[in-house]
Each structure stands twice: as structure tokens, then as C-alpha cells.
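K.L.:
My structure is below; once you've seen it, I'll send some questions.
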Amino acid sequence: MSGRTKPFSGFEFMIAWRYLRARRAEGGVSVMTWISFIGIALAVMALIATLAVRSGFRHEFVATIVGANPHISVLGLERFDYTEEERALIAANPDVAAALAGRAATTRTIEAPQVVADAVRAVAGVEHAAAVIRAEVMASARAENTLGQVIGITAEDLATVPLVREPEAAFGDLQRFNEGVAIGEGVARRLGLRIGDTIRLTSPTGAQTVGGRAARIGGYEVVYVFRVGRWDIDNVRIYMPFAEAQSFFGRDGVADSIDVAVGDPEAVEEVVWEVSQAAGQGTYVRTWQDSSGAYLQALQMEDNIMFVILSILVLIATMNIVSGLIMLVKNKSHDIGILRTVGLSEGSILRVFFICGSAIGLAGTVVGVALGCAFAIWIDPIFSFVNWVAGGGVWDPSVRLLSQLPARLEWGDVMSAVTLSLGLSFVVTIFPARRAARMNPVEALRYE
């Protein structure tokens, strides 16, 4: 029989199936089979759910970073900020430049910003370039105060910022931007502001006077309130018309940076050199990956650690297969002796028990994949139920920076979980299956 038997013949599957569904009174290990099956299913579900949440975190972080921030920022190098009189004096007598440099202020602004923006916009791969003003202010209203980040930008350029143009939630009219300011929902909530209210901005970098530097104070109507879903943007961001920002912060004729948007933010490094060359001397560039790389590195490190930990969980679950098969081999030693006597080869016996263990691993993996995918797809109602059971407050956006728990199901992650589970299930099954195959039929039937 062994000479004519093909590997994984029908009778081998039939014998394996009879062993798997045998009741304990018949020498089966149905309880251990169910324990192994449930353990693998839960482990695979946990792995897929974790990978989905991990992918969701990274996708949401990247989406909010590149959706509300520039992909590339062109910044000015530090230089001396001479007055018109000092420039004329240096032009007439270059020797006084060293003396004036000792008491002159420095600046990092970009001169002729529209010229630089037009040059950068002409680079292949660049979709948009906008001159902006950036400054920190104290925002106040109704006896409440909070720190804010003002971004001076034209209405046309603001309309190209994806998460401001199409945020999670918005109030007011972005078309009225030139009549006031647009603020994040967190700023509005802290100051108790609504559309039409006035927000007062105070900047410490005002004009120089005899008594010191005077603060600049201005009041602006709130015409638009947005929520992008990222805590550190919604709670500080204030958009102001570019010309008004130049006047308010004393940046006449200059800009603090050129904000650049590219077609593929993930491949931003491919156009950095061309953008730098187009911006010209006296500037340098920073990408969104430079600014937010720490977030991505922390997520990547957490991803790797969680994958290793959950892989160990899957390994522990598959070890139940070994325990179940060892008990099955012991209980079926009499059957093994008879099968060997009637002509089954060691290879056939090995494959029978290999099928038993692999079937448990395969079934558990399939169910685990289904449960894990269902968890990722319906994570919002599931998490809402968990939050309700816990009495609320499970998710704190101020700590996690995102407004809700994200999950993104990617087939690469699913295949990684499937490959890990099936690979471990197949490997651990080999050892008890080999023990059954090498059992001496004479010893198995000695006491029969």
C-alpha cells in the first residue's frame, strides 16, 4: 500500500477528520482541540486588530500632518536686520559694518517672497507654494487667555490647505476670510468664541520704543472655525490674512517662510534638492518628515514591539496544538499500531497527524482573520460601547493628539498575521506527528 500511496491521499484526510471529531470517550481530545482553536483565533484577531490600529494611527498622523501643514518649508538663513539708515551708511563706508553688526538685530525673513514662491512653484512635482507669516501670540476673549500660533496667508492659498478647506467639522464661511480670522475649534472652545465674536491677539514683538519694545494688540472678527481632528492644531492654530499679518507683525515686504505642497508627500525627499536650488541663496528647506519624524519613529518602534509581543501570543496559542496532538498520539497508539500493521507507512502516519494539527491552525486562523477584520471595520461602535461601559473618558485627544481611535485595514498586515499563524501552526505540528510516525507497532500492540 505504501508504495502506491500518494502524499495527502483522501484516506489520510478521512482518518485525520475522524480523530479530530472523536469524543473523549472514544479516545479523542475534542476539548483540547477547541482550546487550541479558540486560542489561535483570539491571538490572530488580536494581532490583526493591533496592526489595523497601528496602520490607522500612522495614516491619520500623516494625513493630518500633511493636510494642515506644509510638505516643505523654505526658511531664511539668519542675517543682520539693518535699518535703512544703517544700510546707507554701510554702502558709503563698508568699514563700519563690523561695528554695526555688534548691535544690529537679526532676522530670518525671506525678502521678495512672491518671487521665491513663483520660482519654487515651477519645480516639477510641486503643486503649490505660498508665502506665509508665522508668529506666536496670546489670544484672549471674555477674560480668558490661551497661547496661539498665527499663520498669515492669503485667502487663495488657505483654500489649498486640505484639512482647512474640508475639515472634520467647520462653522462660518471661509469665503469671508479676508474680513477676519479663522481659528481652530480648541481655541474657540477655550475662549468661548462663536462666529461673529471678536478675538484679541497680543504679540510681544512690537515696535521698539524708548521704554523698550511695545506689545502689538489687535482685535479681529472670527469668521471661520474648523476642526481637523489633531489636538495640537485645533488648540493653537489661528489663520490671518497675509497682508494684515505683515502689518500686525511688522513684516512689510517679507515673509517668514514659503510653504510648499508636493504631489506625493511620502516621496518628498525626491524634490527637496530642486526646491532648495529654486529658492536660491540665503534659504534652507525643511520637510514635514524632519519636523514630525519623532512621531513616526515612535510609532514605528511601537509597531515593531507590539508585533513581537503579539507574535509570542500566537506562538503560545499554537503550542496548544502540540499538547493536543501529544495526547491524541498517546490515546491513538493502538490505532497507530494497527494502521502500521496493515501497511501504512511512517509518512502516511506523519501526514495524518500533521493534517490534524494543521487543520486546527488553519480553522483558527480563518476565524481569527474574520474577527480581526470585523473589529477593524466596526471599531467605532465597538469603541463607543467600551467607552460607555467605562463611563467615558477612555480616549483623551490631548494625549493621543487625534480626536478618535483610528483603524485602517491593510491586506499586507492581514497576510503577515496569516503567514505567521499558519507558519507556526505547521512547524509545531511536525514534532508530535513525527513521534507518531516513529512509533513501533509491536510496542503499540504489546498489551492488546
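In the C-alpha cells, chains take the letters A, B, ... in the order shown, each chain's residues start at 1, and ligands count up from 1 in the order shown.
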Tell me which protein, DNA and RNA residues are within 9 Å of Tyr224 of chain A, counting only C-alpha atoms, leaving out same-chain ones fewer than 4 positions away, and put them as a ChimeraX atom specification.
P.N.:
/A:170-177,180-184,194-196
K.L.:
What lies within 10 Å of Ala143 of chain A using only C-alpha atoms, ignoring chain neighbours under 2 positions off, as a PyMOL selection string?
P.N.:
chain A and resi 140-141+145+191-192
K.L.:
So the first atom is atom CA of Met415 of chain A and the second is atom CA of Leu299 of chain A; what is the distance between them in Å, to one decimal place?
P.N.:
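A separation of 20.6 Å between them.
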K.L.:
What's the 7 Å shell around segment 321-329 of chain A, counting only C-alpha atoms, without same-chain residues fewer than 3 positions away, as a list of chain:residue names?
P.N.:
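Close residues of segment 321-329 of chain A: A:Gly28, A:Val29, A:Met32, A:Thr33, A:Ser36, A:Thr318, A:Lys332, A:Ser333, A:Gly357, A:Val428, A:Thr429, A:Pro432, A:Ala436.
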K.L.:
Those residues with C-alpha atoms, as an mmCIF file, in the first residue's frame please?
P.N.:
```
data_model
loop_
_atom_site.group_PDB
_atom_site.id
_atom_site.type_symbol
_atom_site.label_atom_id
_atom_site.label_comp_id
_atom_site.auth_asym_id
_atom_site.auth_seq_id
_atom_site.Cartn_x
_atom_site.Cartn_y
_atom_site.Cartn_z
ATOM 1 C CA GLY A 28 -10.287 11.787 21.125
ATOM 2 C CA VAL A 29 -9.232 15.141 22.516
ATOM 3 C CA MET A 32 -8.033 20.300 23.659
ATOM 4 C CA THR A 33 -8.954 20.780 20.017
ATOM 5 C CA SER A 36 -6.308 25.217 20.567
ATOM 6 C CA THR A 318 -0.082 27.272 18.649
ATOM 7 C CA LYS A 332 -4.395 6.531 19.474
ATOM 8 C CA SER A 333 -1.264 4.434 19.927
ATOM 9 C CA GLY A 357 -2.686 19.882 13.794
ATOM 10 C CA VAL A 428 4.901 22.954 15.739
ATOM 11 C CA THR A 429 2.718 20.161 14.313
ATOM 12 C CA PRO A 432 4.275 15.271 17.592
ATOM 13 C CA ALA A 436 3.515 9.163 15.993
#
```
K.L.:
How many Å lie between atom CA of Glu302 of chain A and atom CA of Asn235 of chain A, rounded to one decimal?
P.N.:
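Answer for the atom CA of Glu302 of chain A to atom CA of Asn235 of chain A separation: 26.2 Å.
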K.L.:
One decimal, Å: what's the distance from atom CA of Ala112 of chain A over to atom CA of Ala131 of chain A, could you say?
P.N.:
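Answer for the atom CA of Ala112 of chain A to atom CA of Ala131 of chain A separation: 9.6 Å.
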K.L.:
Given only C-alpha atoms as the basis, pick out the residue of A:Leu409, A:Val352, A:Ala245, A:Ile382 nearest to Tyr19 of chain A.
P.N.:
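Selected residue with least distance to Tyr19 of chain A: A:Val352.
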K.L.:
Segment 199-203 of chain A: which residues within 6 Å, counting only C-alpha atoms, same-chain residues fewer than 6 positions away excluded, as a PyMOL selection string?
P.N.:
chain A and resi 137-141+215-220
K.L.:
How would the residues just picked look written out with C-alpha atoms as a PDB file, in the first residue's frame?
P.N.:
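part-v5.pdb written:
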```pdb
ATOM      1  CA  VAL A 137       0.602  85.291  20.183  1.00  0.00           C
ATOM      2  CA  MET A 138      -1.537  85.492  23.269  1.00  0.00           C
ATOM      3  CA  ALA A 139      -5.192  85.116  22.276  1.00  0.00           C
ATOM      4  CA  SER A 140      -7.854  86.421  24.633  1.00  0.00           C
ATOM      5  CA  ALA A 141     -11.585  86.969  24.845  1.00  0.00           C
ATOM      6  CA  ALA A 215       3.417  94.844  22.521  1.00  0.00           C
ATOM      7  CA  ARG A 216       1.130  94.799  19.499  1.00  0.00           C
ATOM      8  CA  ILE A 217      -2.577  94.325  20.229  1.00  0.00           C
ATOM      9  CA  GLY A 218      -5.331  93.855  17.692  1.00  0.00           C
ATOM     10  CA  GLY A 219      -8.935  92.673  17.622  1.00  0.00           C
ATOM     11  CA  TYR A 220     -10.339  90.525  14.791  1.00  0.00           C
TER      12      TYR A 220
END
```
K.L.:
Kindly indicate which residue among A:Ile258, A:Val308, A:Ala437, A:Leu362 lies nearest to Ala119 of chain A, using only C-alpha atoms for the distances.
P.N.:
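Of A:Ile258, A:Val308, A:Ala437, A:Leu362, the one nearest Ala119 of chain A, counting only C-alpha atoms, is A:Ile258.
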K.L.:
A:Ile338, A:Val314, A:Val132, A:Leu147: which is nearest Gly368 of chain A, counting only C-alpha atoms?
P.N.:
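Of A:Ile338, A:Val314, A:Val132, A:Leu147, the one nearest Gly368 of chain A is A:Val314, counting only C-alpha atoms.
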K.L.:
For Ile377 of chain A, which of A:Gly250, A:Pro204, A:Gly56, A:Gly364 is the closest residue, counting only C-alpha atoms?
P.N.:
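That would be A:Gly56, the residue with the smallest distance to Ile377 of chain A.
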